[in-house]
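See structure below.
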There are 2 protein chains.
Amino acid sequence: MGTLGNTAEQDARDDELDEEEIVERIFEAIIDQRLPPGTKLSEASLCEAFGVGRMRIRQSLLLLASREVVDLQPNRGAYVASPSAEQAREVFETRLMIEPNVARLAVERASDDDLIRLEQHLKLEHAAHHTAKRRDAIRLSGQFHVLLAEVAGNSVALRMVKELVTRTSLIIGIFGSPGVSNCRDEDHDEIFNAFRTRDTDAAARLMSDHLRHIQEHLELSGPAEGASDLVAIFKR
Amino acid sequence: MGTLGNTAEQDARDDELDEEEIVERIFEAIIDQRLPPGTKLSEASLCEAFGVGRMRIRQSLLLLASREVVDLQPNRGAYVASPSAEQAREVFETRLMIEPNVARLAVERASDDDLIRLEQHLKLEHAAHHTAKRRDAIRLSGQFHVLLAEVAGNSVALRMVKELVTRTSLIIGIFGSPGVSNCRDEDHDEIFNAFRTRDTDAAARLMSDHLRHIQEHLELSGPAEGASDLVAIFKR
DNA sequence: GCTGACAACATTGTCAACAAAAAATCACAG
DNA sequence: CTGTGATTTTTTGTTGACAATGTTGTCAGC
């Protein structure tokens, strides 16, 4: 066969993506709110969307369900989770336990390189915000929190923050006022200032306030459903 | 044969256990230290042990791996995880983030019934301790922390605590001094006293101290044994 | 006797066919 | 036109066979 001109299929590359990558992709799609709560995730559609066998999809859905990002109903299929108001409360309560401490650690351990990464990230956030790229703004806004966990150098906490941030996107999709940006990037700026001054307590306090701000902007009433074309969403 | 054999006949008739139950059973076996770090979990043995098909086992192992309780090596099989010293540090760091806050919430929200449950649990712990039932003592000692998370009424945090407690059992199995009981139940008693007086701050502080005590009794700088890294062990 | 290749074996990974369940469709009576 | 029940269609769940990979044991060759 040699260096074939890749005559295979429409997919130019043999992307053998494993379960973790699929999970990550779906996580991001949910954070971006391209996958609204309640969206049906049928195995066939996902197989087509990712170009993998049913087994991979099945395992990915199981992993997503174990993180409570997907609701796996026996014999009925998988749906993007629709957190209840009570679950929303629990998610924020848990974020308030973890993330102020993460911020504190991040400030303690941030290298100069980390500071640059954070600053660059904030620039991206501002840009997305000012150009009204809602989707980018939402994604970057969530990624800031994940970035802090990375800087904090604790992979256990990192994984938890990832899960909580993703679920928060779902919660905002359900209980958030439409059009209102969830994370105000001014808050993120203030937290970053605590990095400049290496003020750990301030970082923790600001993170607490920040999370409470987000929570206060939620309206804990009626759930919402949605559906969309999976193939179109993951094409790109 | 071996460590899992005795569970076979118990489940032989109750064929219909799902992945979550299997995961729970393995969690408990690990907490009890019946499954030491590095133990090979071959699919065939587990199929026989639980009397289910290979698919169920496969999914269960995937779930366990996603909680980092099992090390899933491609084409090589599943092994009970052997946390490194660094991972141990991260686990305790994360427990220190979460559990003092869990304790605080638990004190705030504990009903009279919860207090009774906690007291009964402590009695069991004492009994196991005095009768030198090491296995029971270890299990109950871990369950105390899980119980607090239940009382705190936050299922998200509960799931995380469960995972962290289980991983801590592995860590103690590797880095703990043999024969030394990990959780001193006096610590648990003191925490319970904070429930009596409804002193939330004391509960949080005592929990912090308690976790630090456990961590201090580990030899995290010592040899990282376990069945995994023979190369590192016999290097030079 | 030791080393490296090779074969036999065991275990894991994947796939396709099949069974079971739920959803959708349709026929039909009211 | 509408509600109900049976049938078809779609989707999920499971089993078993087969392929791919790793491991172990054996044996020629030096």
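We name chains A, B, ... following the order of the structure tokens; residues begin at 1 in each chain, and ligands are numbered from 1 as shown.
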
(message) Let me make sure I understand: if you superpose chain B onto chain A using all C-alpha atoms paired in order, what RMSD in Å results?
(response)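 Computed value for the CA RMSD is 7.3 Å.
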
Would you pick out the contacts of Phe92 of chain A at 9 Å or less, using only C-alpha atoms (C1' of nucleotides), so that residues sharing its chain but fewer than 4 positions from it are not included, and give the list as a short mmCIF file (atom, residue, chain, number, x, y, z; two decimals) with N, CA and C atoms, in the first residue's frame?
data_model
loop_
_atom_site.label_atom_id
_atom_site.label_comp_id
_atom_site.auth_asym_id
_atom_site.auth_seq_id
_atom_site.Cartn_x
_atom_site.Cartn_y
_atom_site.Cartn_z
N GLN A 87 -30.09 19.72 42.49
CA GLN A 87 -28.76 19.34 42.03
C GLN A 87 -27.90 20.56 41.75
N ALA A 88 -28.55 21.60 41.23
CA ALA A 88 -27.81 22.84 40.98
C ALA A 88 -27.24 23.38 42.29
N LEU A 96 -18.12 25.68 45.81
CA LEU A 96 -17.69 26.60 46.86
C LEU A 96 -16.77 25.93 47.86
N MET A 97 -16.88 24.61 47.97
CA MET A 97 -15.92 23.91 48.84
C MET A 97 -14.56 23.87 48.18
N LEU A 164 -17.52 19.71 37.49
CA LEU A 164 -18.43 20.70 38.06
C LEU A 164 -18.66 21.86 37.10
N THR A 168 -22.14 22.94 35.54
CA THR A 168 -22.61 24.31 35.71
C THR A 168 -23.12 24.87 34.39
N LEU A 211 -18.33 32.76 42.59
CA LEU A 211 -19.26 31.64 42.45
C LEU A 211 -20.64 32.02 42.97
N ARG A 212 -20.65 32.76 44.07
CA ARG A 212 -21.95 33.18 44.61
C ARG A 212 -22.65 34.13 43.63
N GLN A 215 -24.28 32.07 41.04
CA GLN A 215 -25.45 31.37 41.57
C GLN A 215 -26.63 32.33 41.76
#

(request) Would you mind listing what lies within 8 Å of segment 120-137 of chain B as a list in words, with only C-alpha atoms (C1' of nucleotides) counted and same-chain residues fewer than 4 positions away left out? (result)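 After dropping sequence-adjacent residues, the list is Asp32, Gln33, Ile116, Ser141, Phe144, Ser181, Asp185, His188 and Asp189 of chain B.
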
(message) If you run DSSP on the backbone here, which positions in segment 3-128 of chain A get alpha helix (DSSP H)? Please write them as number ranges by chain.
(response) A: 19-31, 43-50, 54-66, 85-109, 112-128

(request) Run DSSP on the backbone of this structure and report the residues of segment 63-145 of chain A it assigns to strand (DSSP E), as an MDAnalysis selection string. (result) chainID A and resid 70:73 77:80

Preceding selection exported with N, CA and C atoms as a JSON list (two decimals), in the first residue's frame:
[["chain", "number", "residue", "atom", "x", "y", "z"],
["A", 70, "VAL", "N", -24.61, 13.01, 31.71],
["A", 70, "VAL", "CA", -25.56, 12.36, 30.80],
["A", 70, "VAL", "C", -26.49, 11.50, 31.63],
["A", 71, "ASP", "N", -27.74, 11.50, 31.24],
["A", 71, "ASP", "CA", -28.73, 10.68, 31.93],
["A", 71, "ASP", "C", -28.95, 9.43, 31.10],
["A", 72, "LEU", "N", -28.57, 8.29, 31.65],
["A", 72, "LEU", "CA", -28.62, 7.03, 30.91],
["A", 72, "LEU", "C", -29.84, 6.24, 31.36],
["A", 73, "GLN", "N", -30.88, 6.24, 30.55],
["A", 73, "GLN", "CA", -32.11, 5.57, 30.92],
["A", 73, "GLN", "C", -32.15, 4.19, 30.28],
["A", 77, "GLY", "N", -32.29, 5.05, 26.23],
["A", 77, "GLY", "CA", -31.27, 5.86, 25.58],
["A", 77, "GLY", "C", -30.60, 6.85, 26.51],
["A", 78, "ALA", "N", -29.70, 7.63, 25.94],
["A", 78, "ALA", "CA", -28.92, 8.61, 26.71],
["A", 78, "ALA", "C", -29.38, 10.01, 26.37],
["A", 79, "TYR", "N", -29.49, 10.85, 27.38],
["A", 79, "TYR", "CA", -29.89, 12.23, 27.18],
["A", 79, "TYR", "C", -28.94, 13.14, 27.95],
["A", 80, "VAL", "N", -28.67, 14.29, 27.39],
["A", 80, "VAL", "CA", -27.90, 15.28, 28.13],
["A", 80, "VAL", "C", -28.67, 15.60, 29.40]]

(message) If we count only C-alpha atoms (C1' of nucleotides) and set the cut-off at 12 Å, which residues sit around DT14 of chain D, ignoring sequence neighbours fewer than 6 positions away in its own chain? Please answer as a list in words.
(response)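 Near neighbours after the sequence-gap exclusion: Val52, Gly53, Arg54, Met55 and Arg56 of chain B; DA17, DC18, DA19 and DA20 of chain C.
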
Atoms to include: C-alpha atoms (C1' of nucleotides). Write the selected residues as a compact mmCIF listing (two decimals), in the first residue's frame.
# COMPACT_ATOMS: atom_id res chain seq x y z
CA VAL B 52 -22.09 -11.98 35.00
CA GLY B 53 -21.06 -11.60 31.40
CA ARG B 54 -17.84 -10.11 30.26
CA MET B 55 -19.53 -6.93 29.10
CA ARG B 56 -20.71 -6.00 32.58
C1' DA C 17 -25.56 -10.75 14.38
C1' DC C 18 -29.38 -11.48 17.33
C1' DA C 19 -32.90 -10.58 21.21
C1' DA C 20 -35.62 -7.38 23.77

Which residues of chain C have any atom within 8 Å of an atom in chain B when counting only C-alpha atoms (C1' of nucleotides), and what is the closest pair of atoms for each, with the distance in Å to one decimal? Order the rows by chain and rising number and write it as JSON lines.
{"residue": "C:DT11", "atom": "C1'", "partner": "B:Arg76", "partner_atom": "CA", "distance": 7.6}
{"residue": "C:DT12", "atom": "C1'", "partner": "B:Asn75", "partner_atom": "CA", "distance": 5.1}
{"residue": "C:DG13", "atom": "C1'", "partner": "B:Asn75", "partner_atom": "CA", "distance": 7.3}

Filtering to C-alpha atoms (C1' of nucleotides), could you give me those residues as a short mmCIF file (atom, residue, chain, number, x, y, z; two decimals), in the first residue's frame?
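Done, and the output landed in selection_21.cif:
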data_model
loop_
_atom_site.label_atom_id
_atom_site.label_comp_id
_atom_site.auth_asym_id
_atom_site.auth_seq_id
_atom_site.Cartn_x
_atom_site.Cartn_y
_atom_site.Cartn_z
"C1'" DT C 11 -5.96 -12.41 27.55
"C1'" DT C 12 -7.96 -8.34 25.86
"C1'" DG C 13 -10.33 -5.60 22.12
#

(request) Compile the residues of chain B that lie within 9 Å of chain A, evaluated using only C-alpha atoms, and express the compilation as a list in words. (result) Gln59, Leu62, Leu63, Ser66, Gln87, Arg89, Glu90, Val91, Glu93, Thr94, Met97, Ile98, Glu99, Pro100, Asn101, Val102, Gly153, Asn154, Ser155, Val156, Ala157 and Met160 of chain B

Can you write out as JSON lines which residues of chain D fall within 9 Å of chain B, alongside each residue's closest atom pair and its distance in Å to one decimal, counting only C-alpha atoms (C1' of nucleotides) and ordering rows by chain and ascending residue number?
{"residue": "D:DT14", "atom": "C1'", "partner": "B:Met55", "partner_atom": "CA", "distance": 8.3}
{"residue": "D:DT15", "atom": "C1'", "partner": "B:Gly53", "partner_atom": "CA", "distance": 8.7}
{"residue": "D:DA20", "atom": "C1'", "partner": "B:Asn75", "partner_atom": "CA", "distance": 8.8}
{"residue": "D:DT21", "atom": "C1'", "partner": "B:Asn75", "partner_atom": "CA", "distance": 6.0}
{"residue": "D:DG22", "atom": "C1'", "partner": "B:Arg76", "partner_atom": "CA", "distance": 6.8}

Take the selection from the previous step and output its residues with C-alpha atoms (C1' of nucleotides), as an mmCIF file, in the first residue's frame.
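Written out: out19.cif:
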data_model
loop_
_atom_site.group_PDB
_atom_site.id
_atom_site.type_symbol
_atom_site.label_atom_id
_atom_site.label_comp_id
_atom_site.auth_asym_id
_atom_site.auth_seq_id
_atom_site.Cartn_x
_atom_site.Cartn_y
_atom_site.Cartn_z
ATOM 1 C "C1'" DT D 14 -26.488 -8.959 25.042
ATOM 2 C "C1'" DT D 15 -24.148 -12.879 23.392
ATOM 3 C "C1'" DA D 20 -5.113 -8.218 17.817
ATOM 4 C "C1'" DT D 21 -1.949 -8.001 21.284
ATOM 5 C "C1'" DG D 22 0.988 -9.732 25.202
#

(request) State, in Å with one decimal place, the distance from atom CA of Glu119 of chain A to atom CA of Asn193 of chain A. (result)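 If I compute the distance from atom CA of Glu119 of chain A to atom CA of Asn193 of chain A, I get 10.0 Å.
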
I want to know what sits within 12 Å of DA17 of chain D, based on only C-alpha atoms (C1' of nucleotides), with residues of the same chain fewer than 5 positions away left out; could you give that as a PDB file with N, CA and C atoms (P, O5', C5', C4', C3', O3' and C1' of nucleotides), in the first residue's frame?
ATOM      1  P    DT C  14     -10.909  -1.577  21.040  1.00  0.00           P
ATOM      2  O5'  DT C  14     -11.733  -2.374  19.940  1.00  0.00           O
ATOM      3  C5'  DT C  14     -11.015  -3.078  18.930  1.00  0.00           C
ATOM      4  C4'  DT C  14     -11.968  -3.863  18.045  1.00  0.00           C
ATOM      5  C3'  DT C  14     -13.270  -3.142  17.697  1.00  0.00           C
ATOM      6  O3'  DT C  14     -13.379  -3.060  16.294  1.00  0.00           O
ATOM      7  C1'  DT C  14     -13.700  -5.368  18.416  1.00  0.00           C
ATOM      8  P    DC C  15     -14.457  -2.105  15.635  1.00  0.00           P
ATOM      9  O5'  DC C  15     -15.377  -3.212  14.932  1.00  0.00           O
ATOM     10  C5'  DC C  15     -14.771  -4.368  14.357  1.00  0.00           C
ATOM     11  C4'  DC C  15     -15.814  -5.459  14.194  1.00  0.00           C
ATOM     12  C3'  DC C  15     -17.183  -4.961  13.756  1.00  0.00           C
ATOM     13  O3'  DC C  15     -17.484  -5.464  12.463  1.00  0.00           O
ATOM     14  C1'  DC C  15     -17.339  -6.537  15.561  1.00  0.00           C
ATOM     15  P    DA C  16     -18.639  -4.815  11.626  1.00  0.00           P
ATOM     16  O5'  DA C  16     -19.644  -6.052  11.542  1.00  0.00           O
ATOM     17  C5'  DA C  16     -19.127  -7.370  11.421  1.00  0.00           C
ATOM     18  C4'  DA C  16     -20.174  -8.381  11.842  1.00  0.00           C
ATOM     19  C3'  DA C  16     -21.599  -8.046  11.389  1.00  0.00           C
ATOM     20  O3'  DA C  16     -22.250  -9.223  10.972  1.00  0.00           O
ATOM     21  C1'  DA C  16     -21.566  -8.302  13.713  1.00  0.00           C
ATOM     22  P    DA C  17     -23.526  -9.198  10.067  1.00  0.00           P
ATOM     23  O5'  DA C  17     -24.528 -10.160  10.854  1.00  0.00           O
ATOM     24  C5'  DA C  17     -24.076 -11.451  11.235  1.00  0.00           C
ATOM     25  C4'  DA C  17     -24.773 -11.894  12.517  1.00  0.00           C
ATOM     26  C3'  DA C  17     -26.302 -11.887  12.443  1.00  0.00           C
ATOM     27  O3'  DA C  17     -26.805 -13.136  12.873  1.00  0.00           O
ATOM     28  C1'  DA C  17     -25.562 -10.754  14.378  1.00  0.00           C
TER      29       DA C  17
END

(request) Please indicate the distance in Å from atom CA of Asp114 of chain A to atom CA of Glu150 of chain A, rounded to one decimal place. (result)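 Computing it gives 9.4 Å between the two atoms.
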
(request) Could you check which of A:Arg167, A:Arg184, A:Lys162, A:Lys40 is closest to Leu148 of chain A, using only C-alpha atoms? (result)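 So, comparing all the options, the nearest one is A:Lys162.
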